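What follows is a set of notes on a single structure, which appears directly below.
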Amino acid sequence: MTETSTGKRTGYLSWDDYFMAVALLSAQRSKDPNTQVGACIVNAQKHIVGVGYNGFPTGCSDDTLPWCREGAFLDTKYPYVCHAELNAVLNSGPGNLTGCSIYTALFPCNECAKVIIQVGIREVVFLSDKYAGTDSVRASRRMFDQAGVVCRQLIPASSTISIRLTENG
Ligand SMILES: Nc1nc(=O)n([C@H]2C[C@H](O)[C@@H](COP(=O)(O)O)O2)cc1CO
Ligand SMILES: [Zn+2]
């Protein structure tokens, strides 16, 4: 690790990369075999006020509800799963979210876009836009545009961050 003339460490995480990494770490809790999404809400003081990942509602078993993508609607995950962005909002503390930013691994769907707008979040920072062009994303972008919510895709400083969980080795 290099240092500046003052001795300050360099190579530390930027705020953007840090908050996105928190979102991605949270995504590691997801049981979805196909798409793991995490989201992290940050206020104007750069405090994290809510984190979430995609999963079934509390009390609804990860082991009995389906994780399939195809088949009869009720036999897929889609009617049951709570999206990461919704969970981040619902997991946030008592303060209001007006003026906050949400960092999300995947561009929000139209249902989460409504929630994001209604709680007063003003900025969406996303990594992947793999569903760009779908009606859901087109509706999200339309609503974000009209509501004045700024969306930007994060280009991280590096493609990986490694974290050691043990002291040595
Ligand atoms: N922004 C999002 N946040 C999310 O949490 N999700 C969740 C819902 C599903 O659990 C999964 C998408 O599954 P799939 O269709 O890529 O197999 O990601 C999906 C989106 C996409 O709009
Ligand atoms: Zn959603």
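Identifiers for the structure tokens are assigned positionally: chains receive A, B, ... in sequence, residues are indexed from 1 per chain, and ligands are indexed from 1 in the order shown.
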Show me which residues line ligand 2, defined as having an atom within 6 Å of a ligand atom where only C-alpha atoms and all ligand atoms count, and present them as a VMD selection string.
chain A and resid 83 108 to 109 111 to 112
Could you build a table of the residues in chain A lying no more than 9 Å from ligand 1, giving for each the nearest pair of atoms and their separation in Å rounded to one decimal place, using only C-alpha atoms and all ligand atoms, ordered by chain and ascending residue number, as a Markdown table?
| residue | atom | partner | partner_atom_place_in_ligand_line | distance |
| --- | --- | --- | --- | --- |
| A:Ala27 | CA | ligand 1 | 5 (O) | 8.8 |
| A:Ser30 | CA | ligand 1 | 10 (O) | 8.2 |
| A:Lys31 | CA | ligand 1 | 10 (O) | 8.4 |
| A:Asp32 | CA | ligand 1 | 10 (O) | 5.6 |
| A:Pro33 | CA | ligand 1 | 17 (O) | 7.7 |
| A:Asn34 | CA | ligand 1 | 17 (O) | 4.8 |
| A:Thr35 | CA | ligand 1 | 16 (O) | 4.7 |
| A:Gln36 | CA | ligand 1 | 18 (O) | 5.9 |
| A:Val37 | CA | ligand 1 | 5 (O) | 4.9 |
| A:Gly38 | CA | ligand 1 | 5 (O) | 6.9 |
| A:Ala39 | CA | ligand 1 | 5 (O) | 8.2 |
| A:Gly52 | CA | ligand 1 | 5 (O) | 8.7 |
| A:Tyr53 | CA | ligand 1 | 5 (O) | 6.2 |
| A:Asn54 | CA | ligand 1 | 5 (O) | 4.3 |
| A:Gly55 | CA | ligand 1 | 10 (O) | 6.5 |
| A:Phe56 | CA | ligand 1 | 10 (O) | 8.5 |
| A:Trp67 | CA | ligand 1 | 10 (O) | 8.1 |
| A:Cys68 | CA | ligand 1 | 17 (O) | 7.9 |
| A:Arg69 | CA | ligand 1 | 17 (O) | 5.7 |
| A:Lys77 | CA | ligand 1 | 10 (O) | 6.8 |
| A:Tyr78 | CA | ligand 1 | 9 (C) | 6.7 |
| A:Tyr80 | CA | ligand 1 | 10 (O) | 8.8 |
| A:Val81 | CA | ligand 1 | 10 (O) | 5.6 |
| A:Cys82 | CA | ligand 1 | 5 (O) | 6.6 |
| A:His83 | CA | ligand 1 | 5 (O) | 3.3 |
| A:Ala84 | CA | ligand 1 | 5 (O) | 4.0 |
| A:Glu85 | CA | ligand 1 | 3 (N) | 6.1 |
| A:Leu86 | CA | ligand 1 | 5 (O) | 7.9 |
| A:Asn87 | CA | ligand 1 | 5 (O) | 8.5 |
| A:Thr104 | CA | ligand 1 | 1 (N) | 7.3 |
| A:Ala105 | CA | ligand 1 | 1 (N) | 7.5 |
| A:Leu106 | CA | ligand 1 | 1 (N) | 4.7 |
| A:Phe107 | CA | ligand 1 | 1 (N) | 4.9 |
| A:Pro108 | CA | ligand 1 | 1 (N) | 3.6 |
| A:Cys109 | CA | ligand 1 | 22 (O) | 3.7 |
| A:Asn110 | CA | ligand 1 | 22 (O) | 7.4 |
| A:Glu111 | CA | ligand 1 | 22 (O) | 8.5 |
| A:Cys112 | CA | ligand 1 | 1 (N) | 7.3 |
| A:Ala113 | CA | ligand 1 | 1 (N) | 8.9 |
| A:Asp129 | CA | ligand 1 | 21 (C) | 8.5 |
| A:Lys130 | CA | ligand 1 | 21 (C) | 8.3 |
| A:Tyr131 | CA | ligand 1 | 21 (C) | 6.8 |
| A:Ser136 | CA | ligand 1 | 22 (O) | 7.3 |
| A:Val137 | CA | ligand 1 | 22 (O) | 7.0 |
Keeping only N, CA and C atoms, write the selected residues to a file as a compact mmCIF listing (two decimals), in the first residue's frame.
# COMPACT_ATOMS: atom_id res chain seq x y z
N ALA A 27 -26.12 -8.70 -0.81
CA ALA A 27 -26.65 -9.62 -1.83
C ALA A 27 -26.19 -11.06 -1.61
N SER A 30 -28.66 -13.50 -0.29
CA SER A 30 -29.82 -13.92 -1.09
C SER A 30 -29.79 -15.42 -1.38
N LYS A 31 -30.97 -16.05 -1.33
CA LYS A 31 -31.08 -17.47 -1.66
C LYS A 31 -31.47 -17.67 -3.11
N ASP A 32 -31.68 -16.57 -3.86
CA ASP A 32 -32.08 -16.69 -5.26
C ASP A 32 -30.92 -17.30 -6.06
N PRO A 33 -31.16 -18.44 -6.72
CA PRO A 33 -30.06 -19.09 -7.44
C PRO A 33 -29.63 -18.36 -8.70
N ASN A 34 -30.49 -17.48 -9.21
CA ASN A 34 -30.20 -16.84 -10.51
C ASN A 34 -29.69 -15.41 -10.36
N THR A 35 -30.33 -14.62 -9.54
CA THR A 35 -29.95 -13.20 -9.43
C THR A 35 -29.94 -12.79 -7.97
N GLN A 36 -28.77 -12.41 -7.49
CA GLN A 36 -28.64 -11.93 -6.12
C GLN A 36 -28.50 -10.41 -6.18
N VAL A 37 -29.42 -9.72 -5.52
CA VAL A 37 -29.41 -8.25 -5.56
C VAL A 37 -29.28 -7.73 -4.14
N GLY A 38 -28.49 -6.68 -3.97
CA GLY A 38 -28.39 -6.00 -2.67
C GLY A 38 -28.61 -4.52 -2.90
N ALA A 39 -29.07 -3.84 -1.85
CA ALA A 39 -29.28 -2.39 -1.94
C ALA A 39 -28.89 -1.75 -0.62
N GLY A 52 -30.66 -4.05 2.26
CA GLY A 52 -31.56 -5.18 2.00
C GLY A 52 -31.07 -6.02 0.84
N TYR A 53 -31.65 -7.20 0.75
CA TYR A 53 -31.37 -8.09 -0.39
C TYR A 53 -32.67 -8.80 -0.77
N ASN A 54 -32.68 -9.43 -1.94
CA ASN A 54 -33.93 -10.06 -2.39
C ASN A 54 -34.17 -11.38 -1.67
N GLY A 55 -35.37 -11.51 -1.15
CA GLY A 55 -35.73 -12.73 -0.43
C GLY A 55 -37.22 -12.76 -0.14
N PHE A 56 -37.67 -13.91 0.35
CA PHE A 56 -39.08 -14.05 0.66
C PHE A 56 -39.42 -13.28 1.95
N TRP A 67 -38.11 -21.31 -6.02
CA TRP A 67 -37.11 -20.36 -6.53
C TRP A 67 -37.04 -20.41 -8.07
N CYS A 68 -38.02 -21.09 -8.67
CA CYS A 68 -38.00 -21.26 -10.14
C CYS A 68 -38.31 -19.95 -10.86
N ARG A 69 -37.87 -19.88 -12.09
CA ARG A 69 -38.15 -18.71 -12.95
C ARG A 69 -39.28 -18.99 -13.91
N LYS A 77 -40.83 -17.89 -8.32
CA LYS A 77 -40.47 -16.99 -7.20
C LYS A 77 -41.16 -15.63 -7.30
N TYR A 78 -41.60 -15.27 -8.52
CA TYR A 78 -41.97 -13.87 -8.75
C TYR A 78 -43.09 -13.31 -7.88
N TYR A 80 -43.70 -13.97 -4.88
CA TYR A 80 -43.37 -14.03 -3.45
C TYR A 80 -42.17 -13.17 -3.05
N VAL A 81 -41.22 -13.01 -3.96
CA VAL A 81 -39.94 -12.41 -3.54
C VAL A 81 -40.06 -10.90 -3.32
N CYS A 82 -39.44 -10.45 -2.23
CA CYS A 82 -39.32 -9.00 -1.98
C CYS A 82 -38.01 -8.55 -2.59
N HIS A 83 -38.04 -7.51 -3.36
CA HIS A 83 -36.84 -7.02 -4.01
C HIS A 83 -35.92 -6.33 -3.00
N ALA A 84 -34.64 -6.32 -3.33
CA ALA A 84 -33.63 -5.74 -2.43
C ALA A 84 -33.94 -4.29 -2.09
N GLU A 85 -34.39 -3.52 -3.07
CA GLU A 85 -34.64 -2.09 -2.85
C GLU A 85 -35.79 -1.89 -1.88
N LEU A 86 -36.85 -2.71 -2.05
CA LEU A 86 -37.99 -2.64 -1.13
C LEU A 86 -37.53 -2.99 0.29
N ASN A 87 -36.75 -4.07 0.41
CA ASN A 87 -36.28 -4.48 1.74
C ASN A 87 -35.39 -3.42 2.36
N THR A 104 -27.79 0.21 -5.64
CA THR A 104 -28.37 -1.10 -5.90
C THR A 104 -27.57 -1.83 -6.98
N ALA A 105 -27.45 -3.14 -6.78
CA ALA A 105 -26.67 -3.95 -7.72
C ALA A 105 -27.33 -4.02 -9.09
N LEU A 106 -28.65 -3.82 -9.12
CA LEU A 106 -29.41 -3.97 -10.37
C LEU A 106 -30.43 -2.84 -10.48
N PHE A 107 -30.57 -2.30 -11.66
CA PHE A 107 -31.49 -1.18 -11.87
C PHE A 107 -32.90 -1.55 -11.36
N PRO A 108 -33.56 -0.66 -10.63
CA PRO A 108 -34.84 -0.99 -9.99
C PRO A 108 -35.98 -1.29 -10.98
N CYS A 109 -36.85 -2.21 -10.57
CA CYS A 109 -38.06 -2.50 -11.34
C CYS A 109 -39.09 -1.38 -11.13
N ASN A 110 -40.16 -1.43 -11.86
CA ASN A 110 -41.17 -0.36 -11.76
C ASN A 110 -41.85 -0.32 -10.40
N GLU A 111 -42.01 -1.49 -9.75
CA GLU A 111 -42.66 -1.48 -8.43
C GLU A 111 -41.74 -0.84 -7.39
N CYS A 112 -40.48 -1.16 -7.44
CA CYS A 112 -39.54 -0.54 -6.50
C CYS A 112 -39.35 0.93 -6.84
N ALA A 113 -39.41 1.28 -8.11
CA ALA A 113 -39.27 2.69 -8.50
C ALA A 113 -40.36 3.53 -7.82
N ASP A 129 -27.47 -3.18 -15.47
CA ASP A 129 -28.75 -2.79 -16.07
C ASP A 129 -29.16 -3.93 -17.00
N LYS A 130 -29.04 -5.17 -16.47
CA LYS A 130 -29.20 -6.33 -17.37
C LYS A 130 -30.62 -6.49 -17.90
N TYR A 131 -31.57 -5.82 -17.28
CA TYR A 131 -32.94 -5.89 -17.81
C TYR A 131 -33.34 -4.60 -18.53
N SER A 136 -40.64 -3.16 -17.64
CA SER A 136 -40.50 -2.76 -16.24
C SER A 136 -39.47 -1.64 -16.09
N VAL A 137 -38.31 -1.84 -16.70
CA VAL A 137 -37.25 -0.82 -16.59
C VAL A 137 -37.63 0.45 -17.35
So which residues touch range 90-93 of chain A within 9 Å, counting only C-alpha atoms, skipping near sequence neighbours fewer than 6 positions away, as a ChimeraX atom specification?
/A:41,48-52
Export N, CA and C atoms of the chosen residues as an mmCIF file, in the first residue's frame?
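Everything below was put into again-v4.cif:
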data_model
loop_
_atom_site.group_PDB
_atom_site.id
_atom_site.type_symbol
_atom_site.label_atom_id
_atom_site.label_comp_id
_atom_site.auth_asym_id
_atom_site.auth_seq_id
_atom_site.Cartn_x
_atom_site.Cartn_y
_atom_site.Cartn_z
ATOM 1 N N ILE A 41 -29.094 2.139 1.338
ATOM 2 C CA ILE A 41 -29.597 3.522 1.305
ATOM 3 C C ILE A 41 -28.707 4.388 2.186
ATOM 4 N N ILE A 48 -25.241 5.134 6.407
ATOM 5 C CA ILE A 48 -26.088 4.060 5.871
ATOM 6 C C ILE A 48 -27.331 3.959 6.742
ATOM 7 N N VAL A 49 -28.481 4.077 6.099
ATOM 8 C CA VAL A 49 -29.727 4.074 6.877
ATOM 9 C C VAL A 49 -30.616 2.869 6.551
ATOM 10 N N GLY A 50 -30.233 2.076 5.590
ATOM 11 C CA GLY A 50 -31.010 0.880 5.280
ATOM 12 C C GLY A 50 -30.259 -0.017 4.315
ATOM 13 N N VAL A 51 -30.370 -1.331 4.528
ATOM 14 C CA VAL A 51 -29.704 -2.309 3.669
ATOM 15 C C VAL A 51 -30.692 -3.447 3.426
ATOM 16 N N GLY A 52 -30.657 -4.048 2.256
ATOM 17 C CA GLY A 52 -31.556 -5.183 2.005
ATOM 18 C C GLY A 52 -31.069 -6.024 0.840
#
Which of range 104-154 of chain A counts as helix (DSSP H, G or I) under DSSP, as an MDAnalysis selection string please?
chainID A and resid 110:118 135:147
How about saving the chosen residues, N, CA and C atoms kept, as a compact mmCIF listing (two decimals), in the first residue's frame?
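What follows is the written file out-v6.txt:
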# COMPACT_ATOMS: atom_id res chain seq x y z
N ASN A 110 -40.16 -1.43 -11.86
CA ASN A 110 -41.17 -0.36 -11.76
C ASN A 110 -41.85 -0.32 -10.40
N GLU A 111 -42.01 -1.49 -9.75
CA GLU A 111 -42.66 -1.48 -8.43
C GLU A 111 -41.74 -0.84 -7.39
N CYS A 112 -40.48 -1.16 -7.44
CA CYS A 112 -39.54 -0.54 -6.50
C CYS A 112 -39.35 0.93 -6.84
N ALA A 113 -39.41 1.28 -8.11
CA ALA A 113 -39.27 2.69 -8.50
C ALA A 113 -40.36 3.53 -7.82
N LYS A 114 -41.56 3.00 -7.77
CA LYS A 114 -42.65 3.74 -7.11
C LYS A 114 -42.32 3.96 -5.64
N VAL A 115 -41.83 2.90 -4.99
CA VAL A 115 -41.49 3.00 -3.56
C VAL A 115 -40.36 4.01 -3.36
N ILE A 116 -39.33 3.91 -4.21
CA ILE A 116 -38.17 4.81 -4.11
C ILE A 116 -38.62 6.27 -4.23
N ILE A 117 -39.47 6.53 -5.19
CA ILE A 117 -39.97 7.90 -5.39
C ILE A 117 -40.81 8.34 -4.20
N GLN A 118 -41.71 7.48 -3.76
CA GLN A 118 -42.65 7.89 -2.71
C GLN A 118 -41.99 8.14 -1.36
N ASP A 135 -40.13 -3.75 -20.30
CA ASP A 135 -41.18 -2.77 -19.98
C ASP A 135 -41.03 -2.27 -18.54
N SER A 136 -40.64 -3.16 -17.64
CA SER A 136 -40.50 -2.76 -16.24
C SER A 136 -39.47 -1.64 -16.09
N VAL A 137 -38.31 -1.84 -16.70
CA VAL A 137 -37.25 -0.82 -16.59
C VAL A 137 -37.63 0.45 -17.35
N ARG A 138 -38.31 0.28 -18.47
CA ARG A 138 -38.76 1.48 -19.21
C ARG A 138 -39.73 2.30 -18.37
N ALA A 139 -40.61 1.60 -17.66
CA ALA A 139 -41.56 2.31 -16.78
C ALA A 139 -40.82 2.98 -15.63
N SER A 140 -39.83 2.29 -15.06
CA SER A 140 -39.04 2.89 -13.97
C SER A 140 -38.38 4.17 -14.45
N ARG A 141 -37.74 4.10 -15.61
CA ARG A 141 -37.01 5.28 -16.12
C ARG A 141 -37.97 6.43 -16.39
N ARG A 142 -39.12 6.09 -16.89
CA ARG A 142 -40.13 7.13 -17.17
C ARG A 142 -40.54 7.83 -15.87
N MET A 143 -40.81 7.02 -14.84
CA MET A 143 -41.22 7.62 -13.55
C MET A 143 -40.06 8.38 -12.91
N PHE A 144 -38.87 7.82 -12.92
CA PHE A 144 -37.72 8.52 -12.33
C PHE A 144 -37.50 9.87 -13.02
N ASP A 145 -37.60 9.87 -14.35
CA ASP A 145 -37.42 11.11 -15.12
C ASP A 145 -38.43 12.16 -14.68
N GLN A 146 -39.70 11.76 -14.64
CA GLN A 146 -40.75 12.72 -14.31
C GLN A 146 -40.63 13.21 -12.87
N ALA A 147 -40.22 12.31 -11.97
CA ALA A 147 -40.13 12.67 -10.55
C ALA A 147 -38.82 13.37 -10.22
Extract, using only C-alpha atoms, all DNA, RNA and protein residues at most 10 Å from Val119 in chain A, discarding same-chain residues fewer than 4 positions from it, and format them as number ranges by chain.
A: 89, 96-100, 114-115
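Counting from CA of Gln45 in chain A, the distance to CA of Ala21 in chain A is 18.2 Å.
Of the residues under consideration (A:Thr64, A:Leu25, A:Leu154, A:Ile163), A:Thr64 shows the shortest atom-to-atom contact distance to Thr76 in chain A when counting only C-alpha atoms.
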Enter the distance from CA of Arg152 in chain A to CA of Leu13 in chain A, in Å, rounded to one decimal.
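For CA of Arg152 in chain A relative to CA of Leu13 in chain A, the distance reads 18.6 Å.
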